[in-house]
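In what follows, a structure is listed as structure tokens, so that the remarks can point back to it.
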4 protein chains.
Amino acid sequence: MPLEPGSEDREALLALYREVRGRTEQICAPLHVEDFGVQSMPDASPTKWHLAHTSWFFETFLLAPLAPGHETYHPRYSYLFNSYYNQVGRRIARAERGLMSRPTVREIYCYRTWVDERMAQLVMKSSDGPWREIQPRLVLGLNHEQQHQELLLTDIKHAFSCNPLRPAYHTLPPRQDGPTHEGSSPAAHEWRTFPPGLIHVGHSGASFAFDNEQPRHRVFLEGYRAARRLTTCGEYVAFIDDGGYRRPELWLSDGWMAAMAEGWHAPLYWEKHEGRWQHMTLAGMQPIDWAEPVCHVSYYEADAFARWAGYRLLTEAEWERAAADQPVVGNFVERGILHPEPCRDRSGRELAQLFGDVWEWTSSPYTAYPGFIPARGGLGEYNGKFMCNQFVLRGGSCASPSSHIRATYRNFFPPQTRWQFSGIRLASDAQEA
Amino acid sequence: MPLEPGSEDREALLALYREVRGRTEQICAPLHVEDFGVQSMPDASPTKWHLAHTSWFFETFLLAPLAPGHETYHPRYSYLFNSYYNQVGRRIARAERGLMSRPTVREIYCYRTWVDERMAQLVMKSSDGPWREIQPRLVLGLNHEQQHQELLLTDIKHAFSCNPLRPAYHTLPPRQDGPTHEGSSPAAHEWRTFPPGLIHVGHSGASFAFDNEQPRHRVFLEGYRAARRLTTCGEYVAFIDDGGYRRPELWLSDGWMAAMAEGWHAPLYWEKHEGRWQHMTLAGMQPIDWAEPVCHVSYYEADAFARWAGYRLLTEAEWERAAADQPVVGNFVERGILHPEPCRDRSGRELAQLFGDVWEWTSSPYTAYPGFIPARGGLGEYNGKFMCNQFVLRGGSCASPSSHIRATYRNFFPPQTRWQFSGIRLASDAQEA
Amino acid sequence: MPLEPGSEDREALLALYREVRGRTEQICAPLHVEDFGVQSMPDASPTKWHLAHTSWFFETFLLAPLAPGHETYHPRYSYLFNSYYNQVGRRIARAERGLMSRPTVREIYCYRTWVDERMAQLVMKSSDGPWREIQPRLVLGLNHEQQHQELLLTDIKHAFSCNPLRPAYHTLPPRQDGPTHEGSSPAAHEWRTFPPGLIHVGHSGASFAFDNEQPRHRVFLEGYRAARRLTTCGEYVAFIDDGGYRRPELWLSDGWMAAMAEGWHAPLYWEKHEGRWQHMTLAGMQPIDWAEPVCHVSYYEADAFARWAGYRLLTEAEWERAAADQPVVGNFVERGILHPEPCRDRSGRELAQLFGDVWEWTSSPYTAYPGFIPARGGLGEYNGKFMCNQFVLRGGSCASPSSHIRATYRNFFPPQTRWQFSGIRLASDAQEA
Amino acid sequence: MPLEPGSEDREALLALYREVRGRTEQICAPLHVEDFGVQSMPDASPTKWHLAHTSWFFETFLLAPLAPGHETYHPRYSYLFNSYYNQVGRRIARAERGLMSRPTVREIYCYRTWVDERMAQLVMKSSDGPWREIQPRLVLGLNHEQQHQELLLTDIKHAFSCNPLRPAYHTLPPRQDGPTHEGSSPAAHEWRTFPPGLIHVGHSGASFAFDNEQPRHRVFLEGYRAARRLTTCGEYVAFIDDGGYRRPELWLSDGWMAAMAEGWHAPLYWEKHEGRWQHMTLAGMQPIDWAEPVCHVSYYEADAFARWAGYRLLTEAEWERAAADQPVVGNFVERGILHPEPCRDRSGRELAQLFGDVWEWTSSPYTAYPGFIPARGGLGEYNGKFMCNQFVLRGGSCASPSSHIRATYRNFFPPQTRWQFSGIRLASDAQEA
């Protein structure tokens, strides 16, 4: 990946299918059977449900309509594992996904295998006519599965954080240099300035992209500056210590209400023990490294922090312009750290940490690009119907597969969301520089 | 059981301990690992939690204060497995018991074994002084464990009912005679009449009873009649068909509001498929036998049904007087049916089905008997603090251990409760006979 | 009042009607037009609504069925002013009574006048046959109106307490002696002891009583003691200062949850300013007199206080036995103080403050007496359908009309209720004395 | 109005002040005293509160900081009448504005008079230094008051709609031509096409505009078409009749959830009686004229309707470009109809109904313009902190003062909002034409 949409190399595509599907199961390897069923909040889903839902996606959108003589695996699975596709039919209430002790984990792995076998047949044996439908849906299904790979990690992190025992998903060797703490002030911000201009935004070409990244279109940008690196925990602690969570004038009105209602006083997963900040990670409770990018903040916190610091967030067009010609490299899931890392690129001219580490909240509400056309049928519900009350995040995170991310990629979550690996990059209008 | 509180036969008591503890684990034998973690509503608890909580009870109230040199098994288990004992310390929120994928099932069985080993030592080796504290607490702990044996079954039934697959906990051989359906009208009610009089209510003597059954005291009863058998599903269907769930004049005001808010239109677990009533049982979805006692009704429904039928429910004193001299036999958990059965005793003079089958809602709010003294310390929270907004149920059910029940036994639940095996016996004032 | 149910003196009854109806309007005299429409919580109703509802009661249960040729005053008034009579028809949601700026206050007074004129005709001109229906309903309607007279005062007190300006409903001359404060410890409790015995409880005879006070029946009471006077604010402050609101072991489980959820730390209307307790009264904010009876406590607080003090509350039968032969005199609404007063009867043998001052919470859940028969038709909803999740209060308060109260009178409210004038009298089992 | 910010003609400004303030009171003239206190939902405010809040605005932001020797009118009024200015201090909870029967209506009119007198002194007597602060704040205060003039009408409409009596705020002479009903299909849509291009958006120049309309900046627009007139009720009925409220594929996900949760099946205020649609208006319940613009729809409904019709909504930049050179004339509040009217301009080339009638939902989330700088101090909370989860509406309504509206004016409300006069104008990408 990324494969060309029209690729005729079916064997390569099948190998890719197997790789992506296998990667999902590798993510689950460290878990106990008991861990697969927990749903710690309505936004999250049980591991087991992700495993089944991604298989249901292939069964529903590929096997059922396109595999000759397909018979459904189980008459109730569509009810159990449909996420939000109204056109596919009714489904279990989102908050009740954790109540299903059956099918068992073993039964769901059997379902995956069954789907994989039939998908292999479909890929290798379908004639050219159906193939023109199959190929793009297969690529979509793999990208869909990659999205759930990231959710598997964020959801299990949230579930483990709700357990008073604070279990660890994996262990990490201790860092050579050790974390940086209170004494070390982070390096001063450096900026890159962009002049005003008419740019192109969005995806074009034959490689895969979601419908919401298209069509490519023109946007005029006034001049702006962007911080070269992400905001650090140390900088965020300064915001906390300056009363950031107690000063409504720094916050959007809805953000202040959310902060009050939820009792926010630090990023999600942060706890202060005996005067020292710690946070829950996929390696269990850990002291906070002040040099690492702050993470698990909502849009509201990112926005309030920026206002406190005298800056603002980037718009998604500003971000995309800065990233458009950069290589997609960074701290992605393949690194195996599953946590953002301090910026090591301290001297370059380009923006650092654009890809991986943390998703960067932009100030752009998630809306349709001019000329946006959703996919036909049920798949049209994939992206378009969420274009309301959400904000765009860019760049992928330490839990994203690197092959899944590109400069035009638009992630989106409601502004109160905190359980994703989401962080902050500062910006300002150019004239303020 | 029941053992005398002062029993000196420690080996017999230890054998009883092992029998009761073993019975708890037998109840869990049919489950998959995945089933142990589900909490389908705040009122219910995961199987795993019951297994741990009953062990925590012995550790907290026996081992910790009375076993020399006791060291706690795990520093967080009290936080995880304390149910409601404020004096013992803080605890996880009731609705979050289902979020704990850890400790695993295997770890909890290890905890049980650890507790059992130390309990055996405590029973066999403690000197006579501590034994006077240990013996009554041990008996209390076994009765407590028996209560959770019933909850294990009702909670797993509820959890399975929330699963669209409607799994079965066990299978039953088909009945020889087959169920009775719509055509067969249930036998007319027969009654037993009781004259006015001053009676004694409550437990006395050396055998075990909970504090809330004491002290024995005098109650004056006006004359009344009691139905010889429980209300059947067929009779209840007549109530439904007569608009029972649509006529507010039949209901208590709070009951009507609950019925509207929850959308009640039949007992819990009833579903109408193609014109025929079925219900969820521990043997999966089954057609409803019209001759069997109606079950899984709230106090509100029991009360409304009685009003519709022109009768009322018994008070708990009226019930106890009728049961006082009857043998404690019936369809208890040992029968293995785990479902109420039609009345077979159609000719006797005494009340049938007093024990087992279903808990009988009485019209008595759960209050303290005159002179009630709760136990000292944390165990004083066992019963007394719930004497508000609950109603008394009597007689045990098909999920109760027979050795756990007696004529003076007071069960209690809030009036909207439906997931227990709770049913209806009609009564009236004597002068209306 | 009380009039004999069969009274033939229609002129006297009409005079009584006019007196009661006029008294309702006198209660409203100090209000501004703006005050008539406020509903400060769902449990309370706007003044305007009370004025109209009590008139609707006469129109619905007397004029409509019994006045020849009656035409309804307004086709929507039944929808607006029906309180909870399901059999009379649909009605506006309880919490929305404050949204009706129309009908105006003036229009509602016109409605009252219209009802009064037709009621006068009905009383004076109906023939003897209808009169046998009219007379008891009229007496019921007047008792109903008196209940709303008390609610008018408690509801306006609550509404004014929600206003940051804390308006006063009336003014009182300063007391000669001045209030008693912290330095003065209240007199030690004195007790009256009652031996065990079979007593009669409930109303009998020709004078008016509600259906829930009947039938008179036998109750056996074990021996008990009752405090001669009500619990004072000073005694209650000692409970607060001893951590009463922070010690769950003192509370019923539901009570503790209510106290936590609502943030209770003192009786309703109490506020601490600069270290001194004050409370909202119908005369505005006032310092608290430590010698006066504590008021505006829930059942939960009354129960917790009693447990803290080492005592309990009376049952309603115990209370009624003590009050049965006492004159119905006390600090009722006619005194015009509208606030409980310190006990002045410090030497008698009988219980003081039984009537007036504050309603005394009993430990008796509100249930039907043996043989209870609700009234036929819509009036059957008056009392019976509330016999669940409420507790009985006895004796009337400083806001009750004295002619409305008697020893058998049963008031009832849910245990979390605090806006009524409700207080505490301690008791204990006799053997503890 | 609009006045130049730097205007030195103080007498003209004072006359304007008096005119605007007087207009507010004229809006309240038809009301009864009882009507002034109702708050029918948290989004709405009592009439009385609007009257006081607009005066508090002048006292707080002009008199207190700028009038020499100013003493506050009442120490609690800031607590009562502050809307949402955190920097000004604490305030009464928004949902409790309806609980304040005091201050009375009369007292609030006195407060207005007191403020007006002091404002007159401030305008006429302040020296030139302070005047440079006073003048722009005064103009802002008048624009603020005009916003509340519109809210007064929408809030009283909502309150009256909650009253089962459905009172009328005013009466209208019957229309000469009479309303158009089912038989008449509305005229086919005509469109105006706009080519791609770089345009300027936002306010510039010396005349008054809110901070959120600034700075003027460049936006590139792809080509698009806009409907010449607003969507009519008849067109909207076709959407309803085609199952528009039952087809989730037409809706945004959040919109569908709102529609389900709220039970939407038609615009707010629509009711079907005996097969005919009627709606609540400020002239009471009226039959719906199919030719008039549909009104009281949420953004979600506007969006779903457009999707159903095969079109979309305009962005705010697209709207502003179309309106930029049009005269600000239309059915504004001065017409006195207080209801949208059918389009009469059926032949022009320009867009009709751009101004007045109904606010037009745009597809633009409400965000900051590039280079946006909020006002300093408390007034900075006026607009900026709401730039989240809201959508922009353009053009003013039949309840807006015409002098308050301009082409750059940005109104904004959350997408579920329905009680404003909000409607629909269709658009599409140019290439689809």
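Just so we're on the same page: first chain in the structure tokens is A, next is B, and so on; residues restart at 1 for each chain, and ligands are numbered from 1 in the order they show up.
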
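Near B:Phe355, within 8 Å and counting only C-alpha atoms, sit Val328, Val329, Gly330, Asn331, Phe332, Gly395, Gly396 and Ser397 of chain B, not including residues fewer than 6 positions from it in the same chain.
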
How would the residues just chosen look if you wrote them out with all heavy atoms as a PDB file, in the first residue's frame?
```
ATOM      1  N   VAL B 328     -40.207 -26.665  54.681  1.00  0.00           N
ATOM      2  CA  VAL B 328     -39.527 -25.853  53.665  1.00  0.00           C
ATOM      3  C   VAL B 328     -39.131 -26.758  52.502  1.00  0.00           C
ATOM      4  O   VAL B 328     -37.977 -27.163  52.361  1.00  0.00           O
ATOM      5  CB  VAL B 328     -38.310 -25.127  54.269  1.00  0.00           C
ATOM      6  CG1 VAL B 328     -37.642 -24.255  53.208  1.00  0.00           C
ATOM      7  CG2 VAL B 328     -38.747 -24.284  55.458  1.00  0.00           C
ATOM      8  N   VAL B 329     -40.100 -27.085  51.687  1.00  0.00           N
ATOM      9  CA  VAL B 329     -39.847 -27.917  50.512  1.00  0.00           C
ATOM     10  C   VAL B 329     -40.444 -27.226  49.302  1.00  0.00           C
ATOM     11  O   VAL B 329     -41.429 -26.479  49.425  1.00  0.00           O
ATOM     12  CB  VAL B 329     -40.454 -29.335  50.658  1.00  0.00           C
ATOM     13  CG1 VAL B 329     -39.743 -30.116  51.760  1.00  0.00           C
ATOM     14  CG2 VAL B 329     -41.948 -29.247  50.923  1.00  0.00           C
ATOM     15  N   GLY B 330     -39.850 -27.484  48.152  1.00  0.00           N
ATOM     16  CA  GLY B 330     -40.367 -26.861  46.942  1.00  0.00           C
ATOM     17  C   GLY B 330     -39.340 -26.898  45.828  1.00  0.00           C
ATOM     18  O   GLY B 330     -38.303 -27.563  45.937  1.00  0.00           O
ATOM     19  N   ASN B 331     -39.633 -26.146  44.789  1.00  0.00           N
ATOM     20  CA  ASN B 331     -38.781 -26.111  43.604  1.00  0.00           C
ATOM     21  C   ASN B 331     -37.616 -25.148  43.830  1.00  0.00           C
ATOM     22  O   ASN B 331     -37.668 -23.994  43.408  1.00  0.00           O
ATOM     23  CB  ASN B 331     -39.634 -25.716  42.394  1.00  0.00           C
ATOM     24  CG  ASN B 331     -38.814 -25.549  41.131  1.00  0.00           C
ATOM     25  OD1 ASN B 331     -37.683 -26.032  41.040  1.00  0.00           O
ATOM     26  ND2 ASN B 331     -39.383 -24.847  40.160  1.00  0.00           N
ATOM     27  N   PHE B 332     -36.597 -25.637  44.548  1.00  0.00           N
ATOM     28  CA  PHE B 332     -35.406 -24.822  44.837  1.00  0.00           C
ATOM     29  C   PHE B 332     -34.313 -25.121  43.811  1.00  0.00           C
ATOM     30  O   PHE B 332     -34.491 -25.949  42.905  1.00  0.00           O
ATOM     31  CB  PHE B 332     -34.913 -25.125  46.255  1.00  0.00           C
ATOM     32  CG  PHE B 332     -35.751 -24.498  47.342  1.00  0.00           C
ATOM     33  CD1 PHE B 332     -36.507 -25.294  48.204  1.00  0.00           C
ATOM     34  CD2 PHE B 332     -35.792 -23.123  47.504  1.00  0.00           C
ATOM     35  CE1 PHE B 332     -37.271 -24.727  49.209  1.00  0.00           C
ATOM     36  CE2 PHE B 332     -36.556 -22.552  48.520  1.00  0.00           C
ATOM     37  CZ  PHE B 332     -37.301 -23.356  49.370  1.00  0.00           C
ATOM     38  N   GLY B 395     -40.303 -16.498  50.736  1.00  0.00           N
ATOM     39  CA  GLY B 395     -40.471 -17.893  50.313  1.00  0.00           C
ATOM     40  C   GLY B 395     -39.392 -18.484  49.430  1.00  0.00           C
ATOM     41  O   GLY B 395     -39.414 -19.683  49.164  1.00  0.00           O
ATOM     42  N   GLY B 396     -38.448 -17.690  48.928  1.00  0.00           N
ATOM     43  CA  GLY B 396     -37.409 -18.279  48.085  1.00  0.00           C
ATOM     44  C   GLY B 396     -37.910 -18.592  46.690  1.00  0.00           C
ATOM     45  O   GLY B 396     -39.099 -18.468  46.400  1.00  0.00           O
ATOM     46  N   SER B 397     -36.966 -18.966  45.818  1.00  0.00           N
ATOM     47  CA  SER B 397     -37.300 -19.198  44.416  1.00  0.00           C
ATOM     48  C   SER B 397     -36.581 -20.424  43.885  1.00  0.00           C
ATOM     49  O   SER B 397     -35.806 -21.075  44.610  1.00  0.00           O
ATOM     50  CB  SER B 397     -36.899 -17.981  43.583  1.00  0.00           C
ATOM     51  OG  SER B 397     -35.525 -18.044  43.260  1.00  0.00           O
TER      52      SER B 397
END
```

Return as JSON lines the residues of chain A lying at most 7 Å from chain D, together with the closest atom-to-atom pair for each and the distance in Å to one decimal, counting only C-alpha atoms, with rows in chain order and ascending residue number.
```
{"residue": "A:Asn86", "atom": "CA", "partner": "D:Pro248", "partner_atom": "CA", "distance": 6.6}
{"residue": "A:Gln87", "atom": "CA", "partner": "D:Glu249", "partner_atom": "CA", "distance": 7.0}
{"residue": "A:Arg218", "atom": "CA", "partner": "D:Phe220", "partner_atom": "CA", "distance": 6.8}
{"residue": "A:Val219", "atom": "CA", "partner": "D:Phe220", "partner_atom": "CA", "distance": 5.6}
{"residue": "A:Phe220", "atom": "CA", "partner": "D:Phe220", "partner_atom": "CA", "distance": 5.4}
{"residue": "A:Pro248", "atom": "CA", "partner": "D:Asn86", "partner_atom": "CA", "distance": 6.5}
{"residue": "A:Glu249", "atom": "CA", "partner": "D:Gln87", "partner_atom": "CA", "distance": 6.9}
{"residue": "A:Trp251", "atom": "CA", "partner": "D:Lys385", "partner_atom": "CA", "distance": 6.8}
{"residue": "A:Leu252", "atom": "CA", "partner": "D:Lys385", "partner_atom": "CA", "distance": 4.4}
{"residue": "A:Ser253", "atom": "CA", "partner": "D:Lys385", "partner_atom": "CA", "distance": 5.2}
{"residue": "A:Pro365", "atom": "CA", "partner": "D:Pro365", "partner_atom": "CA", "distance": 6.6}
{"residue": "A:Gly371", "atom": "CA", "partner": "D:Asp429", "partner_atom": "CA", "distance": 6.2}
{"residue": "A:Lys385", "atom": "CA", "partner": "D:Leu252", "partner_atom": "CA", "distance": 4.4}
{"residue": "A:Phe386", "atom": "CA", "partner": "D:Ser253", "partner_atom": "CA", "distance": 5.8}
{"residue": "A:Asn389", "atom": "CA", "partner": "D:Asn389", "partner_atom": "CA", "distance": 4.9}
{"residue": "A:Asp429", "atom": "CA", "partner": "D:Gly371", "partner_atom": "CA", "distance": 6.2}
```

- Residues at most 9 Å from A:Thr281, counting only C-alpha atoms, excluding those fewer than 4 positions away in the same chain, as a list in words?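 Using only C-alpha atoms, the neighbours found are Lys157, Ser161, Ala168, Tyr169, Tyr269, Met285, Gln286, Leu338 and His339 of chain A.
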
With N, CA and C atoms retained, export the selected residues as a PDB file, in the first residue's frame.
```pdb
ATOM      1  N   LYS A 157      -6.344   1.159  25.575  1.00  0.00           N
ATOM      2  CA  LYS A 157      -5.698   2.088  26.519  1.00  0.00           C
ATOM      3  C   LYS A 157      -6.750   2.700  27.445  1.00  0.00           C
ATOM      4  N   SER A 161      -7.134   2.099  31.475  1.00  0.00           N
ATOM      5  CA  SER A 161      -7.042   3.257  32.373  1.00  0.00           C
ATOM      6  C   SER A 161      -8.197   3.286  33.363  1.00  0.00           C
ATOM      7  N   ALA A 168      -0.737  -2.988  32.110  1.00  0.00           N
ATOM      8  CA  ALA A 168       0.066  -2.553  30.974  1.00  0.00           C
ATOM      9  C   ALA A 168      -0.234  -3.457  29.779  1.00  0.00           C
ATOM     10  N   TYR A 169      -0.367  -2.835  28.609  1.00  0.00           N
ATOM     11  CA  TYR A 169      -0.579  -3.601  27.381  1.00  0.00           C
ATOM     12  C   TYR A 169       0.739  -4.185  26.890  1.00  0.00           C
ATOM     13  N   TYR A 269      -5.735  11.042  31.326  1.00  0.00           N
ATOM     14  CA  TYR A 269      -4.731  10.056  31.766  1.00  0.00           C
ATOM     15  C   TYR A 269      -3.672  10.645  32.683  1.00  0.00           C
ATOM     16  N   MET A 285       1.303   2.961  34.083  1.00  0.00           N
ATOM     17  CA  MET A 285       1.530   4.296  34.632  1.00  0.00           C
ATOM     18  C   MET A 285       3.018   4.647  34.520  1.00  0.00           C
ATOM     19  N   GLN A 286       3.305   5.859  34.057  1.00  0.00           N
ATOM     20  CA  GLN A 286       4.678   6.291  33.826  1.00  0.00           C
ATOM     21  C   GLN A 286       4.832   7.752  34.245  1.00  0.00           C
ATOM     22  N   LEU A 338       4.316   3.217  20.660  1.00  0.00           N
ATOM     23  CA  LEU A 338       2.907   3.481  21.008  1.00  0.00           C
ATOM     24  C   LEU A 338       2.783   4.668  21.963  1.00  0.00           C
ATOM     25  N   HIS A 339       3.634   5.620  21.774  1.00  0.00           N
ATOM     26  CA  HIS A 339       3.637   6.807  22.621  1.00  0.00           C
ATOM     27  C   HIS A 339       4.410   7.886  21.877  1.00  0.00           C
TER      28      HIS A 339
END
```

- Task: For A:Tyr73, please output as a ChimeraX atom specification all residues within 10 Å (counting only C-alpha atoms; exclusion window: fewer than 2 positions along the same chain).
- Result: /A:56,59,70-71,75-78,111,114-115

For the residues in that selection, give me all heavy atoms as a tab-separated table (two decimals), in the first residue's frame.
```tsv
chain	number	residue	atom	x	y	z
A	56	TRP	N	-17.03	-8.12	9.19
A	56	TRP	CA	-18.38	-7.83	8.70
A	56	TRP	C	-18.33	-6.85	7.53
A	56	TRP	O	-19.11	-6.95	6.59
A	56	TRP	CB	-19.21	-7.27	9.86
A	56	TRP	CG	-20.50	-6.65	9.44
A	56	TRP	CD1	-21.71	-7.27	9.29
A	56	TRP	CD2	-20.73	-5.27	9.09
A	56	TRP	NE1	-22.66	-6.37	8.88
A	56	TRP	CE2	-22.09	-5.14	8.76
A	56	TRP	CE3	-19.91	-4.13	9.03
A	56	TRP	CZ2	-22.66	-3.93	8.37
A	56	TRP	CZ3	-20.47	-2.93	8.65
A	56	TRP	CH2	-21.83	-2.84	8.33
A	59	GLU	N	-17.55	-8.78	4.54
A	59	GLU	CA	-18.67	-9.64	4.16
A	59	GLU	C	-19.81	-8.82	3.55
A	59	GLU	O	-20.39	-9.21	2.54
A	59	GLU	CB	-19.19	-10.44	5.37
A	59	GLU	CG	-20.25	-11.45	4.92
A	59	GLU	CD	-20.94	-12.23	6.04
A	59	GLU	OE1	-20.65	-12.00	7.22
A	59	GLU	OE2	-21.80	-13.06	5.69
A	70	HIS	N	-23.05	-16.37	-2.38
A	70	HIS	CA	-22.69	-16.09	-1.00
A	70	HIS	C	-23.86	-16.38	-0.06
A	70	HIS	O	-24.98	-15.96	-0.31
A	70	HIS	CB	-22.26	-14.63	-0.84
A	70	HIS	CG	-22.00	-14.27	0.58
A	70	HIS	ND1	-20.84	-14.62	1.24
A	70	HIS	CD2	-22.75	-13.60	1.49
A	70	HIS	CE1	-20.88	-14.18	2.48
A	70	HIS	NE2	-22.03	-13.54	2.66
A	71	GLU	N	-23.59	-17.10	1.00
A	71	GLU	CA	-24.58	-17.25	2.08
A	71	GLU	C	-24.00	-16.63	3.33
A	71	GLU	O	-22.85	-16.88	3.69
A	71	GLU	CB	-24.89	-18.73	2.31
A	71	GLU	CG	-25.62	-19.34	1.12
A	71	GLU	CD	-26.01	-20.78	1.38
A	71	GLU	OE1	-25.96	-21.21	2.55
A	71	GLU	OE2	-26.34	-21.48	0.41
A	75	PRO	N	-26.93	-15.25	10.76
A	75	PRO	CA	-28.02	-14.30	10.47
A	75	PRO	C	-28.04	-13.09	11.39
A	75	PRO	O	-28.61	-12.07	11.04
A	75	PRO	CB	-29.28	-15.15	10.66
A	75	PRO	CG	-28.86	-16.32	11.49
A	75	PRO	CD	-27.41	-16.58	11.15
A	76	ARG	N	-27.42	-13.16	12.58
A	76	ARG	CA	-27.48	-12.03	13.51
A	76	ARG	C	-26.22	-11.19	13.50
A	76	ARG	O	-26.19	-10.15	14.17
A	76	ARG	CB	-27.72	-12.53	14.95
A	76	ARG	CG	-28.99	-13.31	15.15
A	76	ARG	CD	-30.22	-12.47	14.91
A	76	ARG	NE	-30.52	-11.59	16.03
A	76	ARG	CZ	-31.30	-10.51	15.95
A	76	ARG	NH1	-31.83	-10.17	14.79
A	76	ARG	NH2	-31.55	-9.77	17.00
A	77	TYR	N	-25.19	-11.60	12.80
A	77	TYR	CA	-23.94	-10.87	12.90
A	77	TYR	C	-24.05	-9.46	12.35
A	77	TYR	O	-23.39	-8.53	12.84
A	77	TYR	CB	-22.80	-11.62	12.21
A	77	TYR	CG	-22.13	-12.66	13.08
A	77	TYR	CD1	-22.76	-13.15	14.21
A	77	TYR	CD2	-20.86	-13.14	12.77
A	77	TYR	CE1	-22.15	-14.11	15.02
A	77	TYR	CE2	-20.24	-14.09	13.57
A	77	TYR	CZ	-20.89	-14.58	14.69
A	77	TYR	OH	-20.27	-15.50	15.48
A	78	SER	N	-24.89	-9.27	11.35
A	78	SER	CA	-25.02	-7.90	10.84
A	78	SER	C	-25.64	-7.01	11.91
A	78	SER	O	-25.25	-5.84	12.07
A	78	SER	CB	-25.86	-7.87	9.57
A	78	SER	OG	-25.79	-6.61	8.97
A	111	TYR	N	-14.78	-16.60	12.54
A	111	TYR	CA	-15.46	-15.75	11.55
A	111	TYR	C	-14.45	-15.03	10.67
A	111	TYR	O	-14.60	-14.97	9.44
A	111	TYR	CB	-16.37	-14.77	12.29
A	111	TYR	CG	-17.10	-13.77	11.43
A	111	TYR	CD1	-17.73	-14.15	10.24
A	111	TYR	CD2	-17.19	-12.43	11.82
A	111	TYR	CE1	-18.42	-13.21	9.47
A	111	TYR	CE2	-17.88	-11.50	11.05
A	111	TYR	CZ	-18.48	-11.90	9.87
A	111	TYR	OH	-19.18	-10.98	9.11
A	114	TRP	N	-13.07	-17.47	8.18
A	114	TRP	CA	-14.08	-17.77	7.16
A	114	TRP	C	-14.14	-16.63	6.13
A	114	TRP	O	-14.17	-16.87	4.92
A	114	TRP	CB	-15.44	-17.96	7.85
A	114	TRP	CG	-16.56	-18.32	6.96
A	114	TRP	CD1	-16.96	-19.58	6.60
A	114	TRP	CD2	-17.48	-17.42	6.32
A	114	TRP	NE1	-18.06	-19.52	5.79
A	114	TRP	CE2	-18.40	-18.19	5.59
A	114	TRP	CE3	-17.60	-16.03	6.29
A	114	TRP	CZ2	-19.44	-17.64	4.84
A	114	TRP	CZ3	-18.63	-15.47	5.56
A	114	TRP	CH2	-19.53	-16.27	4.83
A	115	VAL	N	-14.13	-15.39	6.62
A	115	VAL	CA	-14.15	-14.25	5.70
A	115	VAL	C	-12.87	-14.23	4.86
A	115	VAL	O	-12.92	-14.00	3.64
A	115	VAL	CB	-14.32	-12.93	6.49
A	115	VAL	CG1	-14.00	-11.72	5.62
A	115	VAL	CG2	-15.74	-12.82	7.03
```

- Message: as a PyMOL selection string, please: the residues near D:Asp303 (cut-off 7 Å, only C-alpha atoms, same-chain neighbours under 3 positions excluded).
- Response: chain D and resi 299-300+306-307+312-313

- Message: What's around B:Ala322 at 8 Å? Count only C-alpha atoms, leave out sequence neighbours fewer than 4 positions away in its own chain, and write the answer as an MDAnalysis selection string.
- Response: chainID B and resid 318 326 351
